[in-house]
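The next block is my_file31.cif, given as mmCIF, C-alpha atoms.
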```cif
data_structure
loop_
_atom_site.group_PDB
_atom_site.id
_atom_site.type_symbol
_atom_site.label_atom_id
_atom_site.label_comp_id
_atom_site.auth_asym_id
_atom_site.auth_seq_id
_atom_site.Cartn_x
_atom_site.Cartn_y
_atom_site.Cartn_z
ATOM 1 C CA MET A 290 10.050 -8.459 -16.579
ATOM 2 C CA LYS A 291 7.038 -6.119 -16.435
ATOM 3 C CA HIS A 292 9.319 -3.204 -17.317
ATOM 4 C CA LEU A 293 10.575 -4.988 -20.447
ATOM 5 C CA VAL A 294 7.013 -5.740 -21.545
ATOM 6 C CA LEU A 295 6.104 -2.048 -21.313
ATOM 7 C CA ALA A 296 9.133 -1.114 -23.403
ATOM 8 C CA ALA A 297 8.300 -3.743 -26.033
ATOM 9 C CA LEU A 298 4.725 -2.480 -26.330
ATOM 10 C CA LEU A 299 5.900 1.103 -26.691
ATOM 11 C CA ALA A 300 8.179 0.596 -29.706
ATOM 12 C CA PRO A 301 5.651 -0.290 -32.467
ATOM 13 C CA ILE A 302 3.080 2.205 -31.211
ATOM 14 C CA ALA A 303 5.571 5.061 -31.121
ATOM 15 C CA SER A 304 6.938 4.323 -34.617
ATOM 16 C CA GLN A 305 3.472 4.777 -36.160
ATOM 17 C CA ALA A 306 2.746 7.936 -34.177
ATOM 18 C CA PHE A 307 5.960 9.659 -35.243
ATOM 19 C CA ALA A 308 5.408 9.139 -38.969
ATOM 20 C CA GLN A 309 3.290 12.305 -38.816
ATOM 21 C CA ALA A 310 4.076 15.885 -37.777
ATOM 22 C CA PRO A 311 4.205 16.158 -33.960
ATOM 23 C CA ASP A 312 1.727 18.210 -31.942
ATOM 24 C CA PRO A 313 3.693 19.968 -29.131
ATOM 25 C CA SER A 314 0.494 20.594 -27.146
ATOM 26 C CA LEU A 315 0.329 16.856 -26.391
ATOM 27 C CA ALA A 316 3.467 17.033 -24.244
ATOM 28 C CA THR A 317 3.169 16.347 -20.504
ATOM 29 C CA PRO A 318 1.736 19.578 -18.998
ATOM 30 C CA VAL A 319 4.243 21.571 -16.950
ATOM 31 C CA GLY A 320 2.948 23.097 -13.716
ATOM 32 C CA THR A 321 1.107 22.001 -10.589
ATOM 33 C CA ASP A 322 -1.743 19.524 -10.219
ATOM 34 C CA VAL A 323 -3.780 18.997 -7.066
ATOM 35 C CA SER A 324 -6.703 16.607 -6.662
ATOM 36 C CA VAL A 325 -9.075 15.077 -4.154
ATOM 37 C CA SER A 326 -10.201 11.462 -4.322
ATOM 38 C CA LEU A 327 -12.808 9.093 -2.955
ATOM 39 C CA GLY A 328 -12.368 5.342 -3.212
ATOM 40 C CA SER A 329 -12.767 1.902 -1.738
ATOM 41 C CA TYR A 330 -9.808 0.187 -0.073
ATOM 42 C CA THR A 331 -9.470 -3.527 0.721
ATOM 43 C CA TYR A 332 -6.439 -5.236 2.277
ATOM 44 C CA THR A 333 -6.574 -9.048 2.420
ATOM 45 C CA GLU A 334 -4.494 -11.924 3.725
ATOM 46 C CA PRO A 335 -5.754 -15.032 1.883
ATOM 47 C CA GLY A 336 -5.704 -18.554 3.327
ATOM 48 C CA ASP A 337 -7.681 -20.840 5.618
ATOM 49 C CA THR A 338 -8.055 -18.006 8.136
ATOM 50 C CA ALA A 339 -8.311 -15.174 5.625
ATOM 51 C CA ILE A 340 -8.737 -11.634 6.920
ATOM 52 C CA SER A 341 -9.659 -8.330 5.341
ATOM 53 C CA ILE A 342 -9.372 -4.665 6.299
ATOM 54 C CA HIS A 343 -11.728 -2.585 4.185
ATOM 55 C CA GLY A 344 -13.512 0.755 3.988
ATOM 56 C CA LEU A 345 -14.040 4.008 2.103
ATOM 57 C CA LYS A 346 -11.218 6.553 2.115
ATOM 58 C CA ILE A 347 -10.714 10.127 1.026
ATOM 59 C CA GLY A 348 -7.389 11.355 -0.300
ATOM 60 C CA GLY A 349 -5.404 14.179 -1.806
ATOM 61 C CA ASP A 350 -2.648 14.349 -4.413
ATOM 62 C CA PHE A 351 -0.011 16.921 -5.314
ATOM 63 C CA THR A 352 2.073 16.667 -8.485
ATOM 64 C CA GLY A 353 4.644 19.177 -9.682
ATOM 65 C CA THR A 354 6.006 18.821 -13.225
ATOM 66 C CA LEU A 355 9.152 20.529 -14.509
ATOM 67 C CA ALA A 356 10.610 20.551 -18.028
ATOM 68 C CA MET A 357 14.180 19.260 -17.807
ATOM 69 C CA SER A 358 14.758 19.738 -21.552
ATOM 70 C CA ARG A 359 12.049 21.328 -23.693
ATOM 71 C CA ARG A 360 13.986 20.549 -26.867
ATOM 72 C CA HIS A 361 14.282 16.832 -26.097
ATOM 73 C CA HIS A 362 11.006 16.660 -24.108
ATOM 74 C CA TRP A 363 12.443 15.316 -20.828
ATOM 75 C CA PHE A 364 10.453 16.090 -17.688
ATOM 76 C CA PHE A 365 10.640 15.530 -13.932
ATOM 77 C CA GLN A 366 7.691 14.972 -11.615
ATOM 78 C CA SER A 367 7.441 15.035 -7.832
ATOM 79 C CA ASN A 368 4.308 13.465 -6.438
ATOM 80 C CA ALA A 369 2.817 13.149 -2.944
ATOM 81 C CA ARG A 370 -0.408 11.365 -2.021
ATOM 82 C CA ALA A 371 -2.194 10.865 1.307
ATOM 83 C CA VAL A 372 -5.320 8.774 1.938
ATOM 84 C CA ILE A 373 -7.228 8.473 5.224
ATOM 85 C CA GLY A 374 -10.360 6.834 6.580
ATOM 86 C CA THR A 375 -11.694 4.218 8.970
ATOM 87 C CA ALA A 376 -11.658 0.516 8.208
ATOM 88 C CA LYS A 377 -13.435 -2.619 9.349
ATOM 89 C CA TYR A 378 -11.500 -5.751 10.275
ATOM 90 C CA THR A 379 -13.174 -9.016 9.272
ATOM 91 C CA GLY A 380 -11.324 -12.200 10.110
ATOM 92 C CA TRP A 381 -10.395 -14.443 12.986
ATOM 93 C CA CYS A 382 -9.495 -14.110 16.660
ATOM 94 C CA SER A 383 -7.681 -16.722 18.781
ATOM 95 C CA PRO A 384 -7.827 -16.891 22.603
ATOM 96 C CA PHE A 385 -4.691 -17.181 24.693
ATOM 97 C CA LEU A 386 -4.222 -20.347 26.751
ATOM 98 C CA ILE A 387 -1.493 -22.116 28.694
ATOM 99 C CA ALA A 388 -0.315 -25.718 28.643
ATOM 100 C CA PRO A 389 2.013 -27.580 31.055
ATOM 101 C CA ASP A 390 5.714 -27.139 30.241
ATOM 102 C CA SER A 391 8.364 -28.326 32.667
ATOM 103 C CA SER A 392 11.036 -26.097 31.090
ATOM 104 C CA SER A 393 9.129 -22.904 31.965
ATOM 105 C CA PRO A 394 9.802 -21.111 35.316
ATOM 106 C CA ASN A 395 6.087 -21.186 36.164
ATOM 107 C CA GLY A 396 5.493 -24.647 34.711
ATOM 108 C CA TYR A 397 3.436 -23.479 31.726
ATOM 109 C CA ALA A 398 3.878 -22.372 28.106
ATOM 110 C CA LEU A 399 1.778 -19.682 26.464
ATOM 111 C CA ASP A 400 -0.143 -20.633 23.337
ATOM 112 C CA THR A 401 -3.263 -19.723 21.348
ATOM 113 C CA GLY A 402 -6.467 -21.694 20.922
ATOM 114 C CA ASP A 403 -8.587 -22.398 17.860
ATOM 115 C CA PRO A 404 -9.545 -19.282 15.864
ATOM 116 C CA SER A 405 -13.129 -18.092 15.648
ATOM 117 C CA PRO A 406 -14.700 -15.450 13.355
ATOM 118 C CA CYS A 407 -14.591 -11.873 14.649
ATOM 119 C CA THR A 408 -14.976 -8.310 13.377
ATOM 120 C CA GLU A 409 -13.892 -4.866 14.530
ATOM 121 C CA PRO A 410 -15.177 -1.643 12.889
ATOM 122 C CA GLY A 411 -13.912 1.927 13.137
ATOM 123 C CA ASP A 412 -10.146 1.374 13.076
ATOM 124 C CA LYS A 413 -8.040 4.339 11.942
ATOM 125 C CA ASP A 414 -6.324 3.570 8.653
ATOM 126 C CA TRP A 415 -4.211 5.733 6.338
ATOM 127 C CA TYR A 416 -1.262 5.752 3.992
ATOM 128 C CA ALA A 417 1.036 8.267 2.308
ATOM 129 C CA GLU A 418 3.306 8.043 -0.713
ATOM 130 C CA ALA A 419 6.129 10.176 -2.095
ATOM 131 C CA ARG A 420 7.547 9.664 -5.581
ATOM 132 C CA GLY A 421 10.144 11.185 -7.853
ATOM 133 C CA LEU A 422 9.772 10.398 -11.580
ATOM 134 C CA VAL A 423 11.724 11.101 -14.752
ATOM 135 C CA GLY A 424 10.092 10.738 -18.171
ATOM 136 C CA LYS A 425 10.335 11.644 -21.828
ATOM 137 C CA ASP A 426 7.563 12.700 -24.215
ATOM 138 C CA LEU A 427 7.478 10.980 -27.601
ATOM 139 C CA ILE A 428 5.079 13.180 -29.545
ATOM 140 C CA GLY A 429 3.151 12.402 -32.705
ATOM 141 C CA GLN A 430 0.397 14.268 -34.541
ATOM 142 C CA ARG A 431 -2.552 12.692 -32.717
ATOM 143 C CA TRP A 432 -0.953 10.791 -29.851
ATOM 144 C CA ALA A 433 1.928 11.338 -27.440
ATOM 145 C CA PHE A 434 3.582 8.625 -25.372
ATOM 146 C CA ALA A 435 5.534 9.290 -22.179
ATOM 147 C CA PRO A 436 7.486 6.405 -20.624
ATOM 148 C CA PHE A 437 8.670 7.145 -17.076
ATOM 149 C CA THR A 438 10.458 5.618 -14.114
ATOM 150 C CA GLY A 439 11.784 6.732 -10.738
ATOM 151 C CA LEU A 440 11.650 5.861 -7.037
ATOM 152 C CA GLY A 441 8.737 5.700 -4.602
ATOM 153 C CA LEU A 442 8.185 5.309 -0.851
ATOM 154 C CA ARG A 443 4.859 4.112 0.581
ATOM 155 C CA TYR A 444 3.993 4.369 4.308
ATOM 156 C CA LEU A 445 0.917 2.541 5.611
ATOM 157 C CA SER A 446 -0.624 2.747 9.096
ATOM 158 C CA ASN A 447 -3.344 0.416 10.454
ATOM 159 C CA GLY A 448 -5.029 0.867 13.824
ATOM 160 C CA THR A 449 -6.689 -1.764 15.998
ATOM 161 C CA THR A 450 -8.514 -2.036 19.344
ATOM 162 C CA GLY A 451 -8.221 1.714 19.894
ATOM 163 C CA VAL A 452 -4.460 1.801 19.151
ATOM 164 C CA ALA A 453 -3.703 4.152 16.236
ATOM 165 C CA GLY A 454 -0.627 3.136 14.249
ATOM 166 C CA TYR A 455 -0.632 -0.381 15.708
ATOM 167 C CA ARG A 456 0.793 -1.804 12.480
ATOM 168 C CA THR A 457 2.950 0.142 10.012
ATOM 169 C CA ASP A 458 4.520 -0.741 6.669
ATOM 170 C CA LYS A 459 7.163 1.031 4.624
ATOM 171 C CA TYR A 460 7.688 0.002 0.984
ATOM 172 C CA LEU A 461 10.567 1.252 -1.156
ATOM 173 C CA TYR A 462 9.811 0.547 -4.806
ATOM 174 C CA VAL A 463 10.719 1.350 -8.416
ATOM 175 C CA PRO A 464 7.835 2.477 -10.656
ATOM 176 C CA ALA A 465 7.953 2.085 -14.442
ATOM 177 C CA GLY A 466 5.068 3.071 -16.663
ATOM 178 C CA LEU A 467 3.688 4.639 -19.784
ATOM 179 C CA THR A 468 1.222 7.497 -20.295
ATOM 180 C CA SER A 469 -0.499 7.885 -23.667
ATOM 181 C CA ARG A 470 -2.248 11.179 -24.408
ATOM 182 C CA THR A 471 -4.569 12.372 -27.189
ATOM 183 C CA ARG A 472 -6.701 15.443 -27.800
ATOM 184 C CA LEU A 473 -10.462 14.891 -28.083
ATOM 185 C CA ALA A 474 -11.413 18.580 -28.475
ATOM 186 C CA PRO A 475 -9.867 22.004 -27.695
ATOM 187 C CA ASP A 476 -8.806 22.038 -24.026
ATOM 188 C CA ARG A 477 -9.969 18.435 -23.688
ATOM 189 C CA THR A 478 -7.425 15.629 -23.603
ATOM 190 C CA LEU A 479 -7.527 12.006 -22.514
ATOM 191 C CA SER A 480 -4.505 10.514 -20.741
ATOM 192 C CA LEU A 481 -4.234 6.766 -20.128
ATOM 193 C CA THR A 482 -1.560 5.554 -17.702
ATOM 194 C CA LEU A 483 -0.394 2.010 -16.969
ATOM 195 C CA GLU A 484 2.323 1.414 -14.380
ATOM 196 C CA ALA A 485 4.131 -1.547 -12.811
ATOM 197 C CA ASP A 486 5.994 -1.180 -9.510
ATOM 198 C CA ALA A 487 8.765 -3.497 -8.293
ATOM 199 C CA LEU A 488 9.243 -3.719 -4.519
ATOM 200 C CA LEU A 489 12.858 -3.198 -3.482
ATOM 201 C CA HIS A 490 12.290 -3.729 0.236
ATOM 202 C CA GLY A 491 9.522 -3.616 2.807
ATOM 203 C CA TRP A 492 9.728 -2.934 6.542
ATOM 204 C CA GLN A 493 6.792 -3.909 8.753
ATOM 205 C CA LYS A 494 6.392 -3.256 12.490
ATOM 206 C CA THR A 495 3.625 -4.509 14.788
ATOM 207 C CA ARG A 496 3.400 -2.674 18.120
ATOM 208 C CA ASP A 497 2.099 -5.426 20.379
ATOM 209 C CA SER A 498 3.570 -3.577 23.373
ATOM 210 C CA GLN A 499 0.701 -1.078 23.081
ATOM 211 C CA LEU A 500 -1.947 -3.752 23.602
ATOM 212 C CA GLY A 501 -1.101 -4.113 27.291
ATOM 213 C CA GLY A 502 -2.149 -7.268 29.152
ATOM 214 C CA GLY A 503 -5.029 -8.823 31.048
ATOM 215 C CA ASP A 504 -6.290 -11.614 33.253
ATOM 216 C CA ILE A 505 -7.400 -14.950 31.787
ATOM 217 C CA GLN A 506 -9.827 -17.027 33.844
ATOM 218 C CA ALA A 507 -9.137 -20.597 34.929
ATOM 219 C CA THR A 508 -10.402 -23.524 32.872
ATOM 220 C CA PRO A 509 -10.969 -27.190 33.858
ATOM 221 C CA THR A 510 -7.481 -27.977 32.514
ATOM 222 C CA ALA A 511 -5.458 -24.865 33.461
ATOM 223 C CA PRO A 512 -5.251 -22.298 36.267
ATOM 224 C CA ALA A 513 -5.932 -18.594 35.861
ATOM 225 C CA PHE A 514 -3.034 -16.550 34.491
ATOM 226 C CA THR A 515 -2.130 -12.972 33.649
ATOM 227 C CA ILE A 516 -0.581 -11.674 30.450
ATOM 228 C CA GLU A 517 1.735 -8.879 31.552
ATOM 229 C CA SER A 518 3.022 -7.591 28.219
ATOM 230 C CA PHE A 519 4.272 -8.265 24.724
ATOM 231 C CA SER A 520 7.251 -6.736 22.941
ATOM 232 C CA ASP A 521 7.035 -5.173 19.497
ATOM 233 C CA VAL A 522 7.959 -7.302 16.494
ATOM 234 C CA SER A 523 9.374 -6.302 13.095
ATOM 235 C CA PHE A 524 9.342 -8.092 9.744
ATOM 236 C CA SER A 525 11.302 -7.752 6.512
ATOM 237 C CA GLN A 526 9.749 -8.215 3.063
ATOM 238 C CA SER A 527 11.746 -8.311 -0.168
ATOM 239 C CA LYS A 528 9.337 -9.619 -2.808
ATOM 240 C CA GLY A 529 6.299 -7.804 -4.124
ATOM 241 C CA TRP A 530 4.819 -5.765 -6.943
ATOM 242 C CA ALA A 531 2.036 -3.345 -7.761
ATOM 243 C CA LEU A 532 -0.039 -2.415 -10.797
ATOM 244 C CA ARG A 533 -1.684 0.976 -11.353
ATOM 245 C CA ALA A 534 -4.072 2.101 -14.070
ATOM 246 C CA SER A 535 -5.872 5.409 -14.590
ATOM 247 C CA ALA A 536 -7.733 7.416 -17.224
ATOM 248 C CA ASP A 537 -7.491 11.197 -16.825
ATOM 249 C CA TYR A 538 -10.066 13.202 -18.804
ATOM 250 C CA GLN A 539 -9.498 16.957 -19.025
ATOM 251 C CA VAL A 540 -13.010 18.422 -18.716
ATOM 252 C CA THR A 541 -11.903 22.058 -19.048
ATOM 253 C CA LYS A 542 -8.600 23.873 -19.355
ATOM 254 C CA HIS A 543 -7.989 23.497 -15.608
ATOM 255 C CA TRP A 544 -10.298 20.730 -14.329
ATOM 256 C CA SER A 545 -10.030 16.977 -14.853
ATOM 257 C CA PHE A 546 -11.795 13.771 -13.846
ATOM 258 C CA GLU A 547 -9.827 10.554 -13.265
ATOM 259 C CA PRO A 548 -10.950 7.025 -12.350
ATOM 260 C CA TYR A 549 -8.060 4.943 -10.997
ATOM 261 C CA TYR A 550 -7.145 1.453 -9.778
ATOM 262 C CA ILE A 551 -4.189 0.267 -7.658
ATOM 263 C CA HIS A 552 -3.271 -3.326 -6.782
ATOM 264 C CA TRP A 553 -0.475 -4.409 -4.419
ATOM 265 C CA ASN A 554 0.783 -7.990 -3.947
ATOM 266 C CA VAL A 555 3.468 -8.509 -1.279
ATOM 267 C CA SER A 556 4.947 -11.907 -0.436
ATOM 268 C CA SER A 557 5.260 -13.322 3.078
ATOM 269 C CA SER A 558 8.181 -12.456 5.343
ATOM 270 C CA PRO A 559 10.605 -14.699 7.243
ATOM 271 C CA VAL A 560 9.699 -15.576 10.837
ATOM 272 C CA SER A 561 10.538 -13.007 13.528
ATOM 273 C CA TYR A 562 10.214 -13.296 17.306
ATOM 274 C CA GLU A 563 8.638 -11.255 20.082
ATOM 275 C CA THR A 564 8.720 -11.701 23.854
ATOM 276 C CA ALA A 565 5.562 -12.498 25.806
ATOM 277 C CA THR A 566 5.566 -12.032 29.595
ATOM 278 C CA PHE A 567 2.919 -13.889 31.625
ATOM 279 C CA THR A 568 2.325 -14.891 35.233
ATOM 280 C CA VAL A 569 0.927 -18.142 36.613
ATOM 281 C CA ASN A 570 0.533 -18.733 40.364
ATOM 282 C CA ARG A 571 2.491 -15.516 41.031
ATOM 283 C CA ILE A 572 5.497 -16.742 39.033
ATOM 284 C CA THR A 573 6.397 -14.742 35.921
ATOM 285 C CA ALA A 574 7.908 -16.254 32.777
ATOM 286 C CA HIS A 575 9.155 -14.841 29.479
ATOM 287 C CA GLU A 576 8.539 -16.722 26.243
ATOM 288 C CA GLN A 577 9.632 -16.194 22.654
ATOM 289 C CA LEU A 578 6.773 -16.366 20.165
ATOM 290 C CA GLY A 579 7.406 -16.697 16.435
ATOM 291 C CA ALA A 580 5.299 -14.873 13.836
ATOM 292 C CA TYR A 581 5.519 -13.747 10.225
ATOM 293 C CA GLU A 582 3.828 -11.262 7.932
ATOM 294 C CA PRO A 583 1.753 -13.373 5.498
ATOM 295 C CA LEU A 584 1.180 -12.875 1.798
ATOM 296 C CA ASN A 585 -1.100 -9.860 1.433
ATOM 297 C CA LYS A 586 -2.985 -8.135 -1.355
ATOM 298 C CA THR A 587 -4.459 -4.644 -1.542
ATOM 299 C CA ASN A 588 -7.053 -3.371 -4.013
ATOM 300 C CA GLU A 589 -7.973 0.303 -4.256
ATOM 301 C CA ALA A 590 -10.366 1.857 -6.772
ATOM 302 C CA GLY A 591 -11.862 5.323 -6.908
ATOM 303 C CA VAL A 592 -12.166 8.648 -8.677
ATOM 304 C CA LYS A 593 -10.211 11.904 -8.497
ATOM 305 C CA LEU A 594 -11.220 15.475 -9.241
ATOM 306 C CA GLY A 595 -8.158 17.468 -10.256
ATOM 307 C CA LEU A 596 -7.124 21.084 -10.759
ATOM 308 C CA HIS A 597 -4.164 22.111 -12.974
ATOM 309 C CA PHE A 598 -2.484 25.507 -12.690
#
```
Encoded form (structure tokens):
Amino acid sequence: MKHLVLAALLAPIASQAFAQAPDPSLATPVGTDVSVSLGSYTYTEPGDTAISIHGLKIGGDFTGTLAMSRRHHWFFQSNARAVIGTAKYTGWCSPFLIAPDSSSPNGYALDTGDPSPCTEPGDKDWYAEARGLVGKDLIGQRWAFAPFTGLGLRYLSNGTTGVAGYRTDKYLYVPAGLTSRTRLAPDRTLSLTLEADALLHGWQKTRDSQLGGGDIQATPTAPAFTIESFSDVSFSQSKGWALRASADYQVTKHWSFEPYYIHWNVSSSPVSYETATFTVNRITAHEQLGAYEPLNKTNEAGVKLGLHF
């Protein structure tokens, strides 16, 4: 639906622009672009026990643009982006407990208690993206418009409790967008880009096996017990979307300045199961625990300094 809206908006704008003689210098620049960025990053899971992972991140971009047909103004772009930093977790933590269960080998079932607020700073957090795009320049006298689409892959890594890469996500998505470009002065152009991304599929893996185990003290209602280990758990996500907006201002022939904004919205996954191993009174039991990846949203905003050559 978002793709159709972009196409509908393009048609009347383009028809006015092309009533005048085209300016070939407004075509998408061929060559290589590299940039560095600094921005804020916030991942949230809304709800009664909402959590957030947030922090400042630095990044780098590489974009290579080739002219597929200079006569018909088709172009191809390959793009890679990597962003890294440390993040702070703000949310909830739940203690492990056991309750009597006659069906368990050790007479108890593993469960979690009521959540309480908790935070954890300094977690390693990064993501990388790779994209291939095809577009076409529609050039007028004062404005050019370049609709584009392609395929993208996003890889996200979150650390926790000293475990780098504890949680990873892979998103395969289809981007569709429009760049409008105009010249403000010689060697100075302004490019405005709006893009909508449709998630094709998401793969999420949580490496609980790397958390290890530990001893839990006795309470008035339960004996002491030991958590031996957890297995890893994977989730599948099939619904989600993203919006991207940027304004690239060419300061000189080679240097540019670009504020940008990215928003991701990914729906919850079906329930998956992991195995928890725990020991009570020297008797070990294995239990299946169900979990799911909840609805999550990501907001990223920052600025880029770019070099074209």
Next item on the list: Quote the spacing between CA of Asp458 in chain A and CA of Pro404 in chain A in Å to one decimal place.
Entry: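 The value is 25.0 Å.
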Item checked: Residues returned when the PyMOL selection byres ((chain A and resi 320-329) around 6) runs on this file, as an MDAnalysis selection string -> chainID A and resid 319 330 344:354 589:598
Next item on the list: Measuring atom to atom with all atoms listed in the file, identify which of A:Ala376, A:Met357, A:Ile516, A:Ala487 is nearest to Glu409 in chain A.
Entry: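 For Glu409 in chain A, the nearest of the given residues is A:Ala376.
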Next item on the list: Just say which residues the PyMOL selection byres ((chain A and resi 464) around 10) picks in this file, as a list in words.
Entry: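 On this input, the PyMOL selection byres ((chain A and resi 464) around 10) captures His292, Arg420, Gly421, Leu422, Phe437, Thr438, Gly439, Leu440, Gly441, Leu461, Tyr462, Val463, Ala465, Gly466, Glu484, Ala485, Asp486, Ala487, Leu488, Trp530, Ala531, Leu532 and Arg533 of chain A.
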Next item on the list: I need the residue set behind the PyMOL selection byres ((chain A and resi 492-495) around 8) for this file; please write it as a list in words.
Entry: Tyr455, Arg456, Thr457, Asp458, Lys459, Tyr460, His490, Gly491, Arg496, Asp497, Asp521, Val522, Ser523, Phe524, Ser525, Gln526 and Glu582 of chain A
Check: Out of A:Asn570, A:Thr587, A:Ser383, A:Thr468, which residue has the shortest atom-to-atom distance to Asp426 in chain A when counting only C-alpha atoms?
Finding: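 The answer is A:Thr468, which sits nearest to Asp426 in chain A.
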Next item on the list: One decimal, Å: what's the distance from CA of Leu467 in chain A over to CA of Leu445 in chain A, could you say?
Entry: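 One can read the CA of Leu467 in chain A to CA of Leu445 in chain A distance as 25.6 Å.
Near Phe567 in chain A, within 6 Å and counting only C-alpha atoms, sit Thr515, Ile516, Glu517, Thr573 and Ala574 of chain A, not including residues fewer than 6 positions from it in the same chain.
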Check: Which value, in Å to one decimal, gives the distance between CA of Ala417 in chain A and CA of Ser535 in chain A?
Finding: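 We find that CA of Ala417 in chain A and CA of Ser535 in chain A lie 18.5 Å from each other.
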Notebook entry, point to check: Of the candidates A:Asp476, A:His362, A:Ala316, A:Tyr416, which shows the shortest atom-to-atom distance to Tyr444 in chain A, using only C-alpha atoms?
Noted result: A:Tyr416
Find the residues around range 450-453 of chain A up to 10 Å (only C-alpha atoms counted), leave out those fewer than 6 positions away in its own chain, and share them as a JSON list (two decimals) with C-alpha atoms, keeping the file's coordinate frame.
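Listing of result-v5.json after writing:
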```json
[["chain", "number", "residue", "atom", "x", "y", "z"],
["A", 409, "GLU", "CA", -13.89, -4.87, 14.53],
["A", 410, "PRO", "CA", -15.18, -1.64, 12.89],
["A", 411, "GLY", "CA", -13.91, 1.93, 13.14],
["A", 412, "ASP", "CA", -10.15, 1.37, 13.08],
["A", 413, "LYS", "CA", -8.04, 4.34, 11.94],
["A", 414, "ASP", "CA", -6.32, 3.57, 8.65],
["A", 496, "ARG", "CA", 3.40, -2.67, 18.12],
["A", 497, "ASP", "CA", 2.10, -5.43, 20.38],
["A", 499, "GLN", "CA", 0.70, -1.08, 23.08],
["A", 500, "LEU", "CA", -1.95, -3.75, 23.60]]
```
Note to self: List as number ranges by chain the protein and nucleic acid residues near Ser314 in chain A, meaning an atom at most 12 Å away when all atoms listed in the file are counted, but skip any in the same chain fewer than 6 places from it.
What the structure shows: A: 362, 426-433, 470-472, 475-478
Notebook entry, point to check: Closest to Pro389 in chain A among A:Pro512, A:Pro313, A:Ser556, A:Gly448, using only C-alpha atoms?
Noted result: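 Ranked by minimum distance to Pro389 in chain A, first place goes to A:Pro512.
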Check: Nearest to Thr379 in chain A among A:Thr566, A:Thr449, A:Gln539, A:Ser498, with distances taken over all atoms listed in the file: which residue is it?
Finding: A:Thr449
Can you report as lines of an AutoDock Vina configuration file the centre and edge lengths in Å, to one decimal, of an axis-aligned box around the listed atoms of range 384-401 of chain A padded with 4 Å on each side?
```
center_x = 1.6
center_y = -22.6
center_z = 28.8
size_x = 26.9
size_y = 19.4
size_z = 22.8
```
Missing atoms in range 571-583 of chain A should be modelled up to N, CA and C atoms and reported as a short mmCIF file (atom, residue, chain, number, x, y, z; two decimals), in the frame of the given file.
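Result file result00.cif:
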```
data_model
loop_
_atom_site.label_atom_id
_atom_site.label_comp_id
_atom_site.auth_asym_id
_atom_site.auth_seq_id
_atom_site.Cartn_x
_atom_site.Cartn_y
_atom_site.Cartn_z
N ARG A 571 1.58 -16.56 40.55
CA ARG A 571 2.49 -15.52 41.03
C ARG A 571 3.94 -15.69 40.56
N ILE A 572 4.16 -16.55 39.60
CA ILE A 572 5.50 -16.74 39.03
C ILE A 572 5.47 -16.26 37.58
N THR A 573 6.37 -15.36 37.25
CA THR A 573 6.40 -14.74 35.92
C THR A 573 7.41 -15.44 35.02
N ALA A 574 7.03 -15.64 33.77
CA ALA A 574 7.91 -16.25 32.78
C ALA A 574 7.92 -15.41 31.51
N HIS A 575 9.00 -15.52 30.77
CA HIS A 575 9.15 -14.84 29.48
C HIS A 575 9.27 -15.91 28.39
N GLU A 576 8.54 -15.71 27.30
CA GLU A 576 8.54 -16.72 26.24
C GLU A 576 8.68 -16.06 24.88
N GLN A 577 9.45 -16.68 24.02
CA GLN A 577 9.63 -16.19 22.65
C GLN A 577 8.55 -16.80 21.75
N LEU A 578 7.82 -15.93 21.08
CA LEU A 578 6.77 -16.37 20.16
C LEU A 578 7.16 -15.99 18.74
N GLY A 579 7.08 -16.95 17.83
CA GLY A 579 7.41 -16.70 16.43
C GLY A 579 6.18 -16.26 15.64
N ALA A 580 6.38 -15.35 14.70
CA ALA A 580 5.30 -14.87 13.84
C ALA A 580 5.90 -14.40 12.52
N TYR A 581 5.06 -14.28 11.51
CA TYR A 581 5.52 -13.75 10.22
C TYR A 581 4.40 -12.93 9.60
N GLU A 582 4.79 -12.06 8.69
CA GLU A 582 3.83 -11.26 7.93
C GLU A 582 3.42 -12.08 6.71
N PRO A 583 2.15 -12.48 6.60
CA PRO A 583 1.75 -13.37 5.50
C PRO A 583 1.63 -12.64 4.17
#
```
